[in-house]
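A.B. asks: The file below is target18.csv, CSV, N, CA and C atoms and all ligand atoms:
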```
chain,number,residue,atom,x,y,z
A,28,MET,N,102.7,56.3,83.6
A,28,MET,CA,101.4,55.8,84.0
A,28,MET,C,100.9,56.5,85.3
A,29,THR,N,101.9,56.8,86.2
A,29,THR,CA,101.5,57.3,87.5
A,29,THR,C,100.9,58.7,87.4
A,30,ASP,N,101.3,59.5,86.4
A,30,ASP,CA,100.8,60.9,86.3
A,30,ASP,C,99.6,61.0,85.5
A,31,CYS,N,99.0,59.8,85.0
A,31,CYS,CA,97.8,59.8,84.2
A,31,CYS,C,96.6,59.8,85.1
A,32,VAL,N,95.7,60.8,85.0
A,32,VAL,CA,94.6,61.0,85.9
A,32,VAL,C,93.6,59.8,85.7
A,33,PHE,N,93.6,59.2,84.5
A,33,PHE,CA,92.6,58.1,84.3
A,33,PHE,C,93.2,56.7,84.8
A,34,CYS,N,94.5,56.7,85.1
A,34,CYS,CA,95.0,55.5,85.7
A,34,CYS,C,94.9,55.4,87.2
A,35,HIS,N,94.4,56.5,87.8
A,35,HIS,CA,94.1,56.5,89.2
A,35,HIS,C,92.6,56.3,89.4
A,36,LYS,N,92.2,55.0,89.4
A,36,LYS,CA,90.8,54.7,89.5
A,36,LYS,C,90.2,55.2,90.8
A,37,GLU,N,90.9,55.4,91.8
A,37,GLU,CA,90.4,55.9,93.1
A,37,GLU,C,89.8,57.3,92.9
A,38,ASN,N,90.2,58.0,91.9
A,38,ASN,CA,89.7,59.4,91.7
A,38,ASN,C,88.5,59.5,90.8
A,39,LEU,N,88.1,58.3,90.2
A,39,LEU,CA,87.1,58.3,89.2
A,39,LEU,C,85.7,57.9,89.9
A,40,VAL,N,84.7,58.6,89.4
A,40,VAL,CA,83.3,58.2,89.9
A,40,VAL,C,82.7,57.2,88.9
A,41,LEU,N,82.9,56.0,89.3
A,41,LEU,CA,82.6,54.9,88.3
A,41,LEU,C,81.1,54.7,88.1
A,42,VAL,N,80.7,54.4,86.9
A,42,VAL,CA,79.3,54.1,86.6
A,42,VAL,C,79.1,52.7,86.2
A,43,ALA,N,80.2,52.1,85.5
A,43,ALA,CA,80.1,50.7,85.1
A,43,ALA,C,81.6,50.3,84.8
A,44,GLU,N,81.7,49.0,84.8
A,44,GLU,CA,83.1,48.4,84.7
A,44,GLU,C,82.9,47.0,84.1
A,45,ASN,N,83.9,46.6,83.3
A,45,ASN,CA,84.0,45.2,82.9
A,45,ASN,C,85.5,44.9,82.9
A,46,LYS,N,85.8,43.7,82.4
A,46,LYS,CA,87.2,43.2,82.5
A,46,LYS,C,88.2,44.2,81.9
A,47,LEU,N,87.9,44.8,80.8
A,47,LEU,CA,88.9,45.6,80.1
A,47,LEU,C,88.7,47.1,80.1
A,48,ALA,N,87.5,47.5,80.6
A,48,ALA,CA,87.2,49.0,80.4
A,48,ALA,C,86.4,49.5,81.6
A,49,LEU,N,86.4,50.8,81.7
A,49,LEU,CA,85.7,51.6,82.8
A,49,LEU,C,84.8,52.6,82.2
A,50,ALA,N,83.7,52.9,82.9
A,50,ALA,CA,82.9,54.1,82.5
A,50,ALA,C,82.7,54.9,83.8
A,51,PHE,N,82.9,56.2,83.7
A,51,PHE,CA,82.9,57.1,84.8
A,51,PHE,C,82.5,58.5,84.4
A,52,TYR,N,82.1,59.3,85.4
A,52,TYR,CA,81.7,60.7,85.1
A,52,TYR,C,82.9,61.5,84.7
A,53,ASP,N,82.7,62.3,83.7
A,53,ASP,CA,83.7,63.3,83.3
A,53,ASP,C,83.8,64.3,84.4
A,54,GLY,N,85.1,64.7,84.7
A,54,GLY,CA,85.3,65.6,85.8
A,54,GLY,C,84.9,67.1,85.5
A,55,CYS,N,84.8,67.4,84.2
A,55,CYS,CA,84.4,68.7,83.8
A,55,CYS,C,83.3,68.5,82.7
A,56,PRO,N,82.1,68.1,83.2
A,56,PRO,CA,81.1,67.7,82.2
A,56,PRO,C,80.6,68.9,81.4
A,57,VAL,N,80.3,68.6,80.1
A,57,VAL,CA,79.7,69.6,79.2
A,57,VAL,C,78.2,69.6,79.2
A,58,SER,N,77.7,68.5,79.8
A,58,SER,CA,76.2,68.4,80.0
A,58,SER,C,75.9,67.5,81.1
A,59,ARG,N,74.7,67.5,81.6
A,59,ARG,CA,74.3,66.6,82.7
A,59,ARG,C,74.5,65.1,82.3
A,60,GLY,N,75.3,64.3,83.0
A,60,GLY,CA,75.4,62.9,82.7
A,60,GLY,C,76.6,62.6,81.8
A,61,HIS,N,77.4,63.6,81.5
A,61,HIS,CA,78.6,63.4,80.6
A,61,HIS,C,79.5,62.3,81.2
A,62,ILE,N,79.7,61.2,80.4
A,62,ILE,CA,80.4,60.1,80.9
A,62,ILE,C,81.6,59.8,79.9
A,63,LEU,N,82.7,59.3,80.5
A,63,LEU,CA,83.8,58.8,79.7
A,63,LEU,C,83.9,57.3,79.8
A,64,VAL,N,84.3,56.7,78.7
A,64,VAL,CA,84.6,55.2,78.7
A,64,VAL,C,86.0,55.1,78.3
A,65,ILE,N,86.8,54.3,79.0
A,65,ILE,CA,88.2,54.1,78.8
A,65,ILE,C,88.6,52.7,78.8
A,66,PRO,N,89.7,52.3,78.2
A,66,PRO,CA,90.3,51.0,78.4
A,66,PRO,C,91.0,51.0,79.8
A,67,LYS,N,91.1,49.9,80.5
A,67,LYS,CA,91.9,49.9,81.7
A,67,LYS,C,93.4,50.1,81.4
A,68,ARG,N,93.8,49.5,80.3
A,68,ARG,CA,95.2,49.6,79.9
A,68,ARG,C,95.5,51.0,79.5
A,69,HIS,N,96.6,51.6,79.9
A,69,HIS,CA,97.0,52.9,79.5
A,69,HIS,C,97.5,52.9,78.1
A,70,ILE,N,96.7,53.3,77.2
A,70,ILE,CA,97.1,53.4,75.8
A,70,ILE,C,96.7,54.8,75.3
A,71,LYS,N,97.4,55.3,74.3
A,71,LYS,CA,97.2,56.7,73.9
A,71,LYS,C,95.9,57.1,73.3
A,72,ASP,N,95.4,56.3,72.3
A,72,ASP,CA,94.2,56.7,71.6
A,72,ASP,C,93.4,55.5,71.0
A,73,TYR,N,92.3,55.8,70.4
A,73,TYR,CA,91.4,54.9,69.8
A,73,TYR,C,92.1,53.8,68.9
A,74,PHE,N,93.1,54.3,68.2
A,74,PHE,CA,93.8,53.4,67.2
A,74,PHE,C,94.8,52.4,67.9
A,75,ASP,N,95.1,52.6,69.2
A,75,ASP,CA,96.0,51.7,69.9
A,75,ASP,C,95.2,50.6,70.6
A,76,ALA,N,93.9,50.7,70.6
A,76,ALA,CA,93.1,49.7,71.4
A,76,ALA,C,93.0,48.4,70.5
A,77,SER,N,93.0,47.3,71.3
A,77,SER,CA,92.8,46.0,70.6
A,77,SER,C,91.3,45.8,70.3
A,78,HIS,N,91.0,44.8,69.5
A,78,HIS,CA,89.6,44.4,69.2
A,78,HIS,C,88.9,44.1,70.5
A,79,GLU,N,89.5,43.4,71.4
A,79,GLU,CA,88.9,43.0,72.7
A,79,GLU,C,88.6,44.3,73.5
A,80,GLU,N,89.5,45.2,73.5
A,80,GLU,CA,89.3,46.5,74.2
A,80,GLU,C,88.1,47.3,73.5
A,81,HIS,N,88.1,47.4,72.2
A,81,HIS,CA,87.0,48.1,71.5
A,81,HIS,C,85.7,47.4,71.9
A,82,ASN,N,85.7,46.1,71.9
A,82,ASN,CA,84.4,45.4,72.2
A,82,ASN,C,84.0,45.7,73.7
A,83,ALA,N,84.9,45.7,74.6
A,83,ALA,CA,84.6,46.0,76.0
A,83,ALA,C,84.2,47.4,76.1
A,84,ILE,N,84.8,48.3,75.5
A,84,ILE,CA,84.4,49.7,75.5
A,84,ILE,C,83.0,49.9,74.9
A,85,ASN,N,82.8,49.3,73.8
A,85,ASN,CA,81.5,49.4,73.1
A,85,ASN,C,80.3,48.9,74.1
A,86,ARG,N,80.6,47.8,74.8
A,86,ARG,CA,79.6,47.3,75.7
A,86,ARG,C,79.3,48.3,76.8
A,87,LEU,N,80.4,48.9,77.3
A,87,LEU,CA,80.1,50.0,78.3
A,87,LEU,C,79.4,51.2,77.8
A,88,ILE,N,79.7,51.5,76.5
A,88,ILE,CA,78.9,52.7,75.9
A,88,ILE,C,77.4,52.4,76.0
A,89,PHE,N,77.0,51.1,75.7
A,89,PHE,CA,75.6,50.8,75.7
A,89,PHE,C,75.1,50.8,77.2
A,90,LYS,N,75.9,50.3,78.1
A,90,LYS,CA,75.5,50.3,79.5
A,90,LYS,C,75.4,51.7,80.0
A,91,ALA,N,76.4,52.6,79.6
A,91,ALA,CA,76.3,54.0,80.1
A,91,ALA,C,75.1,54.7,79.5
A,92,LYS,N,74.7,54.4,78.3
A,92,LYS,CA,73.5,55.0,77.7
A,92,LYS,C,72.3,54.6,78.5
A,93,GLN,N,72.2,53.3,78.8
A,93,GLN,CA,71.0,52.9,79.6
A,93,GLN,C,71.0,53.6,81.0
A,94,TYR,N,72.2,53.8,81.6
A,94,TYR,CA,72.3,54.5,82.9
A,94,TYR,C,71.8,55.9,82.7
A,95,ILE,N,72.4,56.6,81.7
A,95,ILE,CA,72.1,58.0,81.4
A,95,ILE,C,70.6,58.2,81.1
A,96,ASP,N,70.1,57.3,80.2
A,96,ASP,CA,68.7,57.4,79.8
A,96,ASP,C,67.7,57.4,81.0
A,97,LYS,N,68.0,56.5,82.0
A,97,LYS,CA,67.2,56.3,83.1
A,97,LYS,C,67.3,57.5,84.1
A,98,LYS,N,68.6,57.9,84.3
A,98,LYS,CA,68.8,59.0,85.3
A,98,LYS,C,68.6,60.4,84.8
A,99,TYR,N,68.9,60.7,83.5
A,99,TYR,CA,68.9,62.0,83.1
A,99,TYR,C,67.8,62.3,82.0
A,100,LYS,N,67.4,61.2,81.3
A,100,LYS,CA,66.4,61.3,80.3
A,100,LYS,C,66.8,62.4,79.2
A,101,PRO,N,67.9,62.2,78.6
A,101,PRO,CA,68.3,63.2,77.5
A,101,PRO,C,67.5,63.0,76.3
A,102,ASP,N,67.6,64.0,75.4
A,102,ASP,CA,66.9,64.0,74.1
A,102,ASP,C,67.8,63.5,73.0
A,103,GLY,N,69.1,63.3,73.2
A,103,GLY,CA,70.0,62.8,72.2
A,103,GLY,C,71.4,62.6,72.8
A,104,TYR,N,72.3,62.2,71.9
A,104,TYR,CA,73.7,62.0,72.4
A,104,TYR,C,74.7,62.5,71.3
A,105,ASN,N,75.9,62.9,71.8
A,105,ASN,CA,77.1,62.9,70.9
A,105,ASN,C,78.1,61.9,71.5
A,106,ILE,N,78.7,61.1,70.7
A,106,ILE,CA,79.7,60.2,71.1
A,106,ILE,C,81.0,60.5,70.3
A,107,GLY,N,82.1,60.6,71.0
A,107,GLY,CA,83.3,60.9,70.2
A,107,GLY,C,84.6,60.8,71.0
A,108,ALA,N,85.7,60.7,70.2
A,108,ALA,CA,87.0,60.6,70.8
A,108,ALA,C,87.9,61.7,70.1
A,109,ASN,N,88.7,62.4,70.9
A,109,ASN,CA,89.7,63.3,70.4
A,109,ASN,C,91.0,62.5,70.3
A,110,ILE,N,91.6,62.5,69.1
A,110,ILE,CA,92.8,61.7,68.8
A,110,ILE,C,93.9,62.6,68.4
A,111,GLY,N,94.8,62.9,69.3
A,111,GLY,CA,95.9,63.8,69.0
A,111,GLY,C,95.7,65.2,69.5
A,112,TYR,N,96.8,65.9,69.8
A,112,TYR,CA,96.7,67.2,70.4
A,112,TYR,C,95.9,68.2,69.4
A,113,PHE,N,96.1,68.0,68.1
A,113,PHE,CA,95.5,69.0,67.2
A,113,PHE,C,94.0,68.6,66.9
A,114,ALA,N,93.6,67.5,67.5
A,114,ALA,CA,92.1,67.2,67.5
A,114,ALA,C,91.5,67.5,68.8
A,115,GLY,N,92.3,68.1,69.7
A,115,GLY,CA,91.7,68.5,71.0
A,115,GLY,C,92.0,67.6,72.2
A,116,GLN,N,92.8,66.5,71.9
A,116,GLN,CA,93.1,65.6,73.0
A,116,GLN,C,94.0,66.2,74.1
A,117,THR,N,93.6,66.1,75.3
A,117,THR,CA,94.5,66.7,76.4
A,117,THR,C,94.9,65.6,77.4
A,118,VAL,N,94.1,64.6,77.5
A,118,VAL,CA,94.5,63.4,78.4
A,118,VAL,C,94.9,62.3,77.4
A,119,PHE,N,96.1,61.9,77.5
A,119,PHE,CA,96.6,60.9,76.5
A,119,PHE,C,96.4,59.5,77.0
A,120,HIS,N,95.3,59.2,77.5
A,120,HIS,CA,94.8,57.8,77.8
A,120,HIS,C,93.4,57.8,77.1
A,121,PHE,N,93.4,56.9,76.1
A,121,PHE,CA,92.2,56.8,75.2
A,121,PHE,C,90.9,56.9,76.0
A,122,HIS,N,90.0,57.8,75.6
A,122,HIS,CA,88.7,57.9,76.2
A,122,HIS,C,87.7,58.3,75.2
A,123,ILE,N,86.5,57.8,75.4
A,123,ILE,CA,85.4,58.1,74.5
A,123,ILE,C,84.4,58.9,75.3
A,124,HIS,N,84.0,60.1,74.8
A,124,HIS,CA,83.0,60.9,75.5
A,124,HIS,C,81.6,60.4,75.1
A,125,ILE,N,80.8,60.3,76.1
A,125,ILE,CA,79.3,60.1,75.8
A,125,ILE,C,78.6,61.3,76.4
A,126,ILE,N,78.2,62.2,75.5
A,126,ILE,CA,77.7,63.5,75.9
A,126,ILE,C,76.2,63.5,75.7
A,127,PRO,N,75.4,63.4,76.8
A,127,PRO,CA,73.9,63.5,76.6
A,127,PRO,C,73.6,64.9,76.1
A,128,ARG,N,72.6,65.0,75.2
A,128,ARG,CA,72.1,66.3,74.7
A,128,ARG,C,70.7,66.5,75.1
A,129,TYR,N,70.3,67.7,75.3
A,129,TYR,CA,69.0,68.1,75.8
A,129,TYR,C,68.4,69.1,74.9
A,130,LYS,N,67.1,69.0,74.6
A,130,LYS,CA,66.3,69.9,73.8
A,130,LYS,C,66.6,71.3,74.4
A,131,GLY,N,67.0,72.2,73.5
A,131,GLY,CA,67.2,73.6,73.9
A,131,GLY,C,68.6,73.9,74.5
A,132,ASP,N,69.5,72.9,74.6
A,132,ASP,CA,70.8,73.1,75.2
A,132,ASP,C,71.7,74.0,74.3
A,133,VAL,N,71.4,74.0,73.0
A,133,VAL,CA,72.0,75.0,72.1
A,133,VAL,C,70.9,75.5,71.2
A,134,GLU,N,71.1,76.7,70.6
A,134,GLU,CA,70.0,77.3,69.8
A,134,GLU,C,69.7,76.4,68.5
A,135,ASP,N,70.8,76.0,67.9
A,135,ASP,CA,70.6,75.2,66.6
A,135,ASP,C,71.5,74.0,66.7
A,136,PRO,N,70.9,72.8,67.0
A,136,PRO,CA,71.8,71.6,67.2
A,136,PRO,C,72.2,71.0,65.9
A,137,ARG,N,71.6,71.4,64.8
A,137,ARG,CA,71.9,70.7,63.5
A,137,ARG,C,73.4,70.7,63.2
A,138,GLY,N,73.9,69.5,62.8
A,138,GLY,CA,75.3,69.4,62.5
A,138,GLY,C,76.1,68.7,63.6
A,139,GLY,N,75.7,68.8,64.9
A,139,GLY,CA,76.3,68.1,66.0
A,139,GLY,C,77.8,68.2,66.0
A,140,VAL,N,78.5,67.1,65.9
A,140,VAL,CA,79.9,67.0,66.0
A,140,VAL,C,80.6,67.8,64.8
A,141,ARG,N,79.9,68.0,63.8
A,141,ARG,CA,80.4,68.8,62.7
A,141,ARG,C,80.9,70.2,63.1
A,142,LYS,N,80.3,70.6,64.3
A,142,LYS,CA,80.6,72.0,64.7
A,142,LYS,C,81.9,72.1,65.5
A,143,ILE,N,82.7,71.0,65.5
A,143,ILE,CA,84.0,71.1,66.2
A,143,ILE,C,84.9,72.1,65.5
A,144,ILE,N,84.6,72.4,64.3
A,144,ILE,CA,85.4,73.5,63.6
A,144,ILE,C,84.3,74.5,63.3
A,145,PRO,N,84.3,75.6,64.2
A,145,PRO,CA,83.2,76.5,64.1
A,145,PRO,C,83.0,77.2,62.8
A,146,SER,N,84.0,77.4,62.0
A,146,SER,CA,83.9,78.0,60.7
A,146,SER,C,83.2,77.1,59.7
A,147,HIS,N,83.0,75.8,60.0
A,147,HIS,CA,82.3,74.9,59.1
A,147,HIS,C,81.0,74.5,59.7
A,148,ASN,N,80.1,75.4,59.9
A,148,ASN,CA,78.8,75.1,60.4
A,148,ASN,C,78.0,74.3,59.5
A,149,TYR,N,77.0,73.7,60.1
A,149,TYR,CA,76.1,72.8,59.3
A,149,TYR,C,75.5,73.6,58.1
A,150,ASN,N,75.5,73.1,57.0
A,150,ASN,CA,75.0,73.8,55.8
A,150,ASN,C,74.2,72.7,55.0
A,151,PRO,N,72.9,72.8,55.0
A,151,PRO,CA,72.1,71.7,54.3
A,151,PRO,C,72.3,71.7,52.8
A,152,LYS,N,72.8,72.8,52.3
A,152,LYS,CA,73.1,72.9,50.9
A,152,LYS,C,74.5,72.8,50.5
A,153,CYS,N,75.3,72.1,51.4
A,153,CYS,CA,76.7,72.1,51.3
A,153,CYS,C,77.1,71.5,50.0
A,154,ASN,N,78.2,72.0,49.4
A,154,ASN,CA,78.8,71.5,48.2
A,154,ASN,C,79.8,70.4,48.6
A,155,LYS,N,79.5,69.1,48.3
A,155,LYS,CA,80.3,68.0,48.7
A,155,LYS,C,81.8,68.2,48.3
A,156,ASN,N,82.0,68.9,47.3
A,156,ASN,CA,83.4,69.1,46.8
A,156,ASN,C,84.2,70.2,47.5
A,157,ASP,N,83.5,70.9,48.4
A,157,ASP,CA,84.2,72.1,49.0
A,157,ASP,C,85.6,71.7,49.6
A,158,LEU,N,85.7,70.6,50.3
A,158,LEU,CA,86.9,70.2,51.0
A,158,LEU,C,87.6,69.0,50.4
A,159,HIS,N,87.2,68.5,49.3
A,159,HIS,CA,87.8,67.3,48.7
A,159,HIS,C,88.8,67.7,47.6
A,201,ZN,ZN,96.4,56.3,81.9
```
Can the structure in the file be given as structure tokens, please?
C.D. replies:
Amino acid sequence: MTDCVFCHKENLVLVAENKLALAFYDGCPVSRGHILVIPKRHIKDYFDASHEEHNAINRLIFKAKQYIDKKYKPDGYNIGANIGYFAGQTVFHFHIHIIPRYKGDVEDPRGGVRKIIPSHNYNPKCNKNDLH
């Protein structure tokens, strides 16, 4: 626990908090207002959280959205969690990214989180059976 960056609350720039969860600015934001929401308990990922923690985290996601809407006025959001090294997780304390998106921040926003695997770009005519 001691070497976990998210367990050192004093290093986090908090935006909101409740009994079981925290919301704070991402230290390396990918857009203006990028916020992380985590459980206070040090657990590895999304699937280790209790129902109470998921509820607490979900409430903070809504609070963070209100905060971001007011302060940054984004045009959209991506919300997501990386679960496991091969899905991109580097801090093994469960966290959900709330990434505000802005008109023009990428040339073609279609597909959003689908672009995490660049070779599988958004294709409006995609064949549903391609990967099944
Ligand atoms: Zn931790």
A.B. asks: Using only C-alpha atoms, give me every residue within 9 Å of (93.5, 50.8, 79.4) in file coordinates, as number ranges by chain.
C.D. replies: A: 33-34, 47-49, 65-71, 76, 80, 120-121
A.B. asks: Residues within 7 Å of His61 of chain A, please, as a ChimeraX atom specification. Count all atoms listed in the file; anything in the same chain fewer than 6 positions from it doesn't count.
C.D. replies: /A:51-53,124-127
A.B. asks: Output N, CA and C atoms for every residue in that selection, as an mmCIF file, in the coordinates of the input.
C.D. replies:
```cif
data_model
loop_
_atom_site.group_PDB
_atom_site.id
_atom_site.type_symbol
_atom_site.label_atom_id
_atom_site.label_comp_id
_atom_site.auth_asym_id
_atom_site.auth_seq_id
_atom_site.Cartn_x
_atom_site.Cartn_y
_atom_site.Cartn_z
ATOM 1 N N PHE A 51 82.900 56.200 83.700
ATOM 2 C CA PHE A 51 82.900 57.100 84.800
ATOM 3 C C PHE A 51 82.500 58.500 84.400
ATOM 4 N N TYR A 52 82.100 59.300 85.400
ATOM 5 C CA TYR A 52 81.700 60.700 85.100
ATOM 6 C C TYR A 52 82.900 61.500 84.700
ATOM 7 N N ASP A 53 82.700 62.300 83.700
ATOM 8 C CA ASP A 53 83.700 63.300 83.300
ATOM 9 C C ASP A 53 83.800 64.300 84.400
ATOM 10 N N HIS A 124 84.000 60.100 74.800
ATOM 11 C CA HIS A 124 83.000 60.900 75.500
ATOM 12 C C HIS A 124 81.600 60.400 75.100
ATOM 13 N N ILE A 125 80.800 60.300 76.100
ATOM 14 C CA ILE A 125 79.300 60.100 75.800
ATOM 15 C C ILE A 125 78.600 61.300 76.400
ATOM 16 N N ILE A 126 78.200 62.200 75.500
ATOM 17 C CA ILE A 126 77.700 63.500 75.900
ATOM 18 C C ILE A 126 76.200 63.500 75.700
ATOM 19 N N PRO A 127 75.400 63.400 76.800
ATOM 20 C CA PRO A 127 73.900 63.500 76.600
ATOM 21 C C PRO A 127 73.600 64.900 76.100
#
```
A.B. asks: Hey, what's within 8 Å of segment 97-110 of chain A if we count all atoms listed in the file and toss same-chain stuff fewer than 6 positions away? As a PyMOL selection string, please?
C.D. replies: chain A and resi 59-60+71-74+91+116-117+121-130+139-140
A.B. asks: Considering only strand (DSSP E or B) as DSSP defines it on the backbone, what residues of chain A qualify? List them as a list in words.
C.D. replies: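 The strand (DSSP E or B) residues within chain A come out as Leu41, Val42, Ala43, Glu44, Ala48, Leu49, Ala50, Phe51, Tyr52, Ile62, Leu63, Val64, Ile65, Pro66, Gly103, Tyr104, Asn105, Ile106, Gly107, Ile123, His124, Ile125, Ile126, Pro127 and Arg128 of chain A.
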A.B. asks: Using DSSP assignments from the backbone, pull out every residue in segment 48-93 of chain A that falls under alpha helix (DSSP H) and give it to me as a PyMOL selection string.
C.D. replies: chain A and resi 78-93
A.B. asks: Go through A:Val118, A:Lys152, A:Gly111, A:Ser58 one by one, measure the shortest atom-to-atom distance of each to ligand ZN 201 (chain A) using only C-alpha atoms and all ligand atoms, and give the residue with the smallest value.
C.D. replies: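 Answer, going by the shortest atom-to-atom distance: A:Val118.
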A.B. asks: Taking into account only C-alpha atoms and all ligand atoms, which residue in the set A:Phe119, A:Lys90, A:Ala83, A:Val42 is nearest to ligand ZN 201 (chain A)?
C.D. replies: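 Distance minimum relative to ligand ZN 201 (chain A) lands on A:Phe119.
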A.B. asks: Between atom CA of Val133 of chain A and atom C of Ile62 of chain A, measure the distance and give it in Å to one decimal.
C.D. replies: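 Interatomic distance, atom CA of Val133 of chain A to atom C of Ile62 of chain A: 19.6 Å.
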A.B. asks: What's the separation between atom C of Leu41 of chain A and atom C of Gly115 of chain A, in Å to one decimal place?
C.D. replies: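 Calculated distance between atom C of Leu41 of chain A and atom C of Gly115 of chain A is 23.2 Å.
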A.B. asks: Report, in Å with one decimal, the straight-line distance from atom CA of His81 of chain A to atom C of Ala43 of chain A.
C.D. replies: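 One can read the atom CA of His81 of chain A to atom C of Ala43 of chain A distance as 14.5 Å.
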